[in-house]
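Notes to accompany the following structure.
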Amino acid sequence: MTTARVRRVDVPQVMPGGEDFGEPDYVSAFELTAPRARTPEQWARATFEGAPALSRWFLVRGWTLGLGLRLGPRTSPAHVLGWPLTDSGADSATLAARSRLVAARNVVVVDGARVVWVTSVRFHGPLGRVVWAVAAPVHHLAVPFLLGRASRRG
């Protein structure tokens, strides 16, 4: 059995679901190789909703209290752990949320035997930039960990 590996990669030149987002101030991409066959929405759900309960608690608190993101019901089929599912197709799924500090978007792209998770953030003023500077190191640890964990879980 091949072990899943998550690594940071260059952001794809063309990103789906970004027409209304504008130019991001921050963007990162992580690629998972040797993944299980899932749709992009299933990957998003497995990554966020399939995380351990304590991790989900910390994620939601960080998103809502730290970044101030306005999330929806965590159990709604139109949301992924509270993130509005703004687009879901065969090749990509987009989660987008906003606050007075930032606008954030996660796009999950499935391309053959790989999954790419792209996060884009647009700052609303200097406070948004400062808050994201604190959140970014956590993001750089959480996304690869949770994506890799989702790959290992059936």
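Just so we're on the same page: first chain in the structure tokens is A, next is B, and so on; residues restart at 1 for each chain, and ligands are numbered from 1 in the order they show up.
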
Between segment 63-141 of chain A and segment 18-42 of chain A, at 6 Å or less, what are the per-residue closest atom pairs and their distances in Å? Count only C-alpha atoms, order by chain and rising residue number, and return it as a Markdown table.
| residue | atom | partner | partner_atom | distance |
| --- | --- | --- | --- | --- |
| A:Ser92 | CA | A:Pro40 | CA | 5.2 |
| A:Ala93 | CA | A:Pro40 | CA | 5.3 |
| A:Val108 | CA | A:Pro40 | CA | 5.5 |
| A:Val109 | CA | A:Pro40 | CA | 6.0 |
| A:Val110 | CA | A:Pro40 | CA | 5.8 |
| A:Ala113 | CA | A:Ala34 | CA | 5.9 |
| A:Arg114 | CA | A:Thr33 | CA | 4.9 |
| A:Val115 | CA | A:Leu32 | CA | 5.1 |
| A:Val116 | CA | A:Glu31 | CA | 4.4 |
| A:Trp117 | CA | A:Phe30 | CA | 5.2 |
| A:Val118 | CA | A:Ala29 | CA | 4.3 |
| A:Thr119 | CA | A:Ser28 | CA | 5.4 |
| A:Ser120 | CA | A:Val27 | CA | 4.4 |
| A:Val121 | CA | A:Tyr26 | CA | 5.1 |
| A:Arg122 | CA | A:Pro24 | CA | 4.7 |

Expected file: the selected residues, C-alpha atoms, as a PDB file, in the first residue's frame:
ATOM      1  CA  SER A  92     -13.399  21.143  -7.772  1.00  0.00           C
ATOM      2  CA  ALA A  93     -15.279  22.322  -4.701  1.00  0.00           C
ATOM      3  CA  VAL A 108     -10.251  21.550  -3.425  1.00  0.00           C
ATOM      4  CA  VAL A 109      -9.221  20.318  -6.869  1.00  0.00           C
ATOM      5  CA  VAL A 110      -9.121  16.638  -7.802  1.00  0.00           C
ATOM      6  CA  ALA A 113      -4.397  10.731  -8.699  1.00  0.00           C
ATOM      7  CA  ARG A 114      -3.857  13.979  -6.834  1.00  0.00           C
ATOM      8  CA  VAL A 115      -5.773  16.406  -4.653  1.00  0.00           C
ATOM      9  CA  VAL A 116      -4.732  20.051  -4.413  1.00  0.00           C
ATOM     10  CA  TRP A 117      -6.047  22.195  -1.528  1.00  0.00           C
ATOM     11  CA  VAL A 118      -5.680  25.913  -2.258  1.00  0.00           C
ATOM     12  CA  THR A 119      -6.371  28.574   0.363  1.00  0.00           C
ATOM     13  CA  SER A 120      -6.718  32.221  -0.635  1.00  0.00           C
ATOM     14  CA  VAL A 121      -7.158  35.102   1.789  1.00  0.00           C
ATOM     15  CA  ARG A 122      -7.903  38.745   1.078  1.00  0.00           C
TER      16      ARG A 122
END

(message) Let's see if you can do this: from backbone DSSP, list all strand (DSSP E) residues in segment 1-148 of chain A, as an MDAnalysis selection string.
(response) chainID A and resid 5:9 26:33 79:80 83:88 92:98 102:111 114:123

Same residues, C-alpha atoms, saved as a short mmCIF file (atom, residue, chain, number, x, y, z; two decimals), in the first residue's frame:
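Below is the file that was written, part.cif:
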data_model
loop_
_atom_site.label_atom_id
_atom_site.label_comp_id
_atom_site.auth_asym_id
_atom_site.auth_seq_id
_atom_site.Cartn_x
_atom_site.Cartn_y
_atom_site.Cartn_z
CA ARG A 5 2.12 12.29 1.13
CA VAL A 6 1.10 15.93 1.44
CA ARG A 7 3.48 18.63 0.28
CA ARG A 8 3.32 22.35 -0.31
CA VAL A 9 3.21 23.18 -4.03
CA TYR A 26 -2.20 35.41 0.60
CA VAL A 27 -2.38 32.08 -1.19
CA SER A 28 -1.03 28.60 -0.45
CA ALA A 29 -1.47 25.18 -1.99
CA PHE A 30 -0.92 21.69 -0.65
CA GLU A 31 -0.93 18.58 -2.80
CA LEU A 32 -1.83 15.08 -1.72
CA THR A 33 -0.49 12.18 -3.75
CA HIS A 79 -21.90 23.79 4.43
CA VAL A 80 -18.67 21.97 5.28
CA TRP A 83 -18.05 26.90 5.58
CA PRO A 84 -20.57 27.73 2.86
CA LEU A 85 -20.11 25.36 -0.08
CA THR A 86 -20.27 27.90 -2.90
CA ASP A 87 -19.42 25.51 -5.74
CA SER A 88 -19.21 21.74 -6.03
CA SER A 92 -13.40 21.14 -7.77
CA ALA A 93 -15.28 22.32 -4.70
CA THR A 94 -15.11 25.82 -3.24
CA LEU A 95 -15.68 26.87 0.37
CA ALA A 96 -15.85 30.62 0.99
CA ALA A 97 -16.44 32.76 4.07
CA ARG A 98 -16.00 36.41 5.01
CA VAL A 102 -10.71 38.83 5.85
CA ALA A 103 -12.35 37.05 2.96
CA ALA A 104 -11.18 33.43 2.77
CA ARG A 105 -11.61 30.70 0.20
CA ASN A 106 -10.59 27.05 0.13
CA VAL A 107 -10.68 25.32 -3.24
CA VAL A 108 -10.25 21.55 -3.42
CA VAL A 109 -9.22 20.32 -6.87
CA VAL A 110 -9.12 16.64 -7.80
CA ASP A 111 -7.01 15.90 -10.86
CA ARG A 114 -3.86 13.98 -6.83
CA VAL A 115 -5.77 16.41 -4.65
CA VAL A 116 -4.73 20.05 -4.41
CA TRP A 117 -6.05 22.20 -1.53
CA VAL A 118 -5.68 25.91 -2.26
CA THR A 119 -6.37 28.57 0.36
CA SER A 120 -6.72 32.22 -0.63
CA VAL A 121 -7.16 35.10 1.79
CA ARG A 122 -7.90 38.74 1.08
CA PHE A 123 -7.27 41.19 3.93
#

Select from segment 40-68 of chain A every residue with an atom at most 8 Å from any atom of segment 135-154 of chain A, then for each give the shortest pair of atoms and their distance in Å to one decimal, using only C-alpha atoms, rows by chain and rising number, as CSV.
residue,atom,partner,partner_atom,distance
A:Trp43,CA,A:Ala150,CA,7.4
A:Ala46,CA,A:Ala150,CA,5.4
A:Thr47,CA,A:Ala150,CA,5.1
A:Phe48,CA,A:Leu146,CA,7.1
A:Gly50,CA,A:Ala150,CA,6.8
A:Ala51,CA,A:Leu146,CA,6.5
A:Gly66,CA,A:Ala135,CA,7.9

Save the residues we just selected, N, CA and C atoms, as a PDB file, in the first residue's frame?
ATOM      1  N   TRP A  43     -13.677  15.182  -0.407  1.00  0.00           N
ATOM      2  CA  TRP A  43     -12.366  15.479   0.185  1.00  0.00           C
ATOM      3  C   TRP A  43     -12.483  16.606   1.204  1.00  0.00           C
ATOM      4  N   ALA A  46     -14.228  15.142   4.263  1.00  0.00           N
ATOM      5  CA  ALA A  46     -13.358  14.211   4.982  1.00  0.00           C
ATOM      6  C   ALA A  46     -12.261  14.957   5.728  1.00  0.00           C
ATOM      7  N   THR A  47     -11.763  16.038   5.127  1.00  0.00           N
ATOM      8  CA  THR A  47     -10.675  16.797   5.734  1.00  0.00           C
ATOM      9  C   THR A  47     -11.146  17.588   6.949  1.00  0.00           C
ATOM     10  N   PHE A  48     -12.218  18.351   6.810  1.00  0.00           N
ATOM     11  CA  PHE A  48     -12.688  19.185   7.922  1.00  0.00           C
ATOM     12  C   PHE A  48     -13.633  18.424   8.855  1.00  0.00           C
ATOM     13  N   GLY A  50     -14.197  15.217   9.048  1.00  0.00           N
ATOM     14  CA  GLY A  50     -13.639  13.960   9.520  1.00  0.00           C
ATOM     15  C   GLY A  50     -12.501  14.129  10.513  1.00  0.00           C
ATOM     16  N   ALA A  51     -12.167  15.364  10.827  1.00  0.00           N
ATOM     17  CA  ALA A  51     -11.107  15.626  11.810  1.00  0.00           C
ATOM     18  C   ALA A  51     -11.582  15.193  13.195  1.00  0.00           C
ATOM     19  N   GLY A  66     -11.126  33.936  16.059  1.00  0.00           N
ATOM     20  CA  GLY A  66      -9.858  34.532  15.625  1.00  0.00           C
ATOM     21  C   GLY A  66     -10.001  35.360  14.359  1.00  0.00           C
TER      22      GLY A  66
END

(message) To one decimal place in Å, what is the distance between atom CA of Arg100 of chain A and atom CA of Ala133 of chain A?
(response) 15.9 Å

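Checking A:Gly89, A:Pro126, A:Gly112, A:Gly82 one by one against Arg61 of chain A, counting only C-alpha atoms, you find the shortest gap at A:Gly82.
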